[in-house]
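*Asks:* Have a look at this one.
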Amino acid sequence: MPAQTRLTDDVLSLGGLALHAVHWEATSRHCPRCGEPTARIASESGKRCPRCAYEHYPHLHPAVIVLVKDGDRVLLARKSFWAKGRYGLVAGFVDAGESLEAAACREVLEETGIEIRDLNYVASQYWPFPSQLMVGFTAAYARGDLRVNTAELEDARWFSVDDLPDLPPKLSIARFLLDHFAHPSPV
């Protein structure tokens with residue numbers, strides 16, 4: 001993400017780390033193997049079981065978020081629990097054994113019926129709900145008719161860059177990707 005948001009990024013990262021630590025402490029009190037209470041490993045973020053010596057560390061859940069463009073249009077999606085009128089980008093978790101690129105293609109296809117091409121990594125952002133690493137991509141529309149997977153989304157549609165709906169907050173990687181699309185600047 002650009003340098004002009006660095007302070008905000010640093011504050012967001014610190015806050016995210018704090019939330020992650022609270023979540024980790026609450027969910028790692030006992031050994032996942034034998035159930036014994038765990039103890040911190042000195043100078044590390046992990047915990048060790050005094051009974052079976054199993055060591056475990058905080059988990060990070062990778063997720064992809066994709067800005068799909070078709071000329072001056074962008075594909076936006078809406079979850080039912082979002083604020084009324086708010087749209088965002090297609091996103092989802094990376095499955096075990098799956099590459100980031102494969103996850104990006106799969107998520108867009110599963111949620112919208114759209115196939116993409118020209119997938120490019122743009123940026124990443126730690127997102128502490130509770131412990132996600134959001135990996136942001138842009139892609140171009142390749143083929144397919146828009147079919148909303150209602151198990152995942154309430155709505156999805158193409159929007160002109162000149163007529164965007166209510167968007168995610170400015171601190172989010174979704175908004176960073178959308179702002180960069182709407183107002184491209186040389187790198």
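Scheme for the structure tokens: letters A, B, ... for chains in order shown; per-chain residue numbers from 1; ligand numbers from 1 in order shown.
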Which residues, written as a ChimeraX atom specification, have at least one atom at most 12 Å from Pro169 in chain A, with only C-alpha atoms counted and residues fewer than 5 positions away on the same chain left out?
*Replies:* /A:82-83,86-88,174-179
*Asks:* For each of A:Ala26, A:Pro50, A:Leu76, A:Ser43, take the minimum atom-to-atom distance to Asp163 in chain A, counting only C-alpha atoms, then give the residue where this is smallest.
*Replies:*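 Comparing A:Ala26, A:Pro50, A:Leu76, A:Ser43 against Asp163 in chain A, the winner is A:Leu76.
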*Asks:* Which residues, written as a short mmCIF file (atom, residue, chain, number, x, y, z; two decimals) with N, CA and C atoms, in the first residue's frame, have at least one atom at most 8 Å from range 8-17 of chain A, with only C-alpha atoms counted and residues fewer than 5 positions away on the same chain left out?
*Replies:*
data_model
loop_
_atom_site.label_atom_id
_atom_site.label_comp_id
_atom_site.auth_asym_id
_atom_site.auth_seq_id
_atom_site.Cartn_x
_atom_site.Cartn_y
_atom_site.Cartn_z
N TYR A 126 -2.90 -7.39 6.71
CA TYR A 126 -3.36 -8.20 7.83
C TYR A 126 -4.73 -7.70 8.23
N TRP A 127 -5.66 -8.62 8.46
CA TRP A 127 -7.03 -8.25 8.82
C TRP A 127 -7.39 -9.08 10.05
N PRO A 128 -7.54 -8.44 11.20
CA PRO A 128 -7.62 -9.16 12.47
C PRO A 128 -9.00 -9.69 12.84
N LEU A 171 -9.63 2.18 5.19
CA LEU A 171 -8.52 1.42 5.75
C LEU A 171 -8.41 0.01 5.19
#
*Asks:* Provide the CA of Leu19 in chain A to CA of Ser131 in chain A distance in Å, to one decimal place.
*Replies:*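 Separating CA of Leu19 in chain A from CA of Ser131 in chain A is a distance of 8.4 Å.
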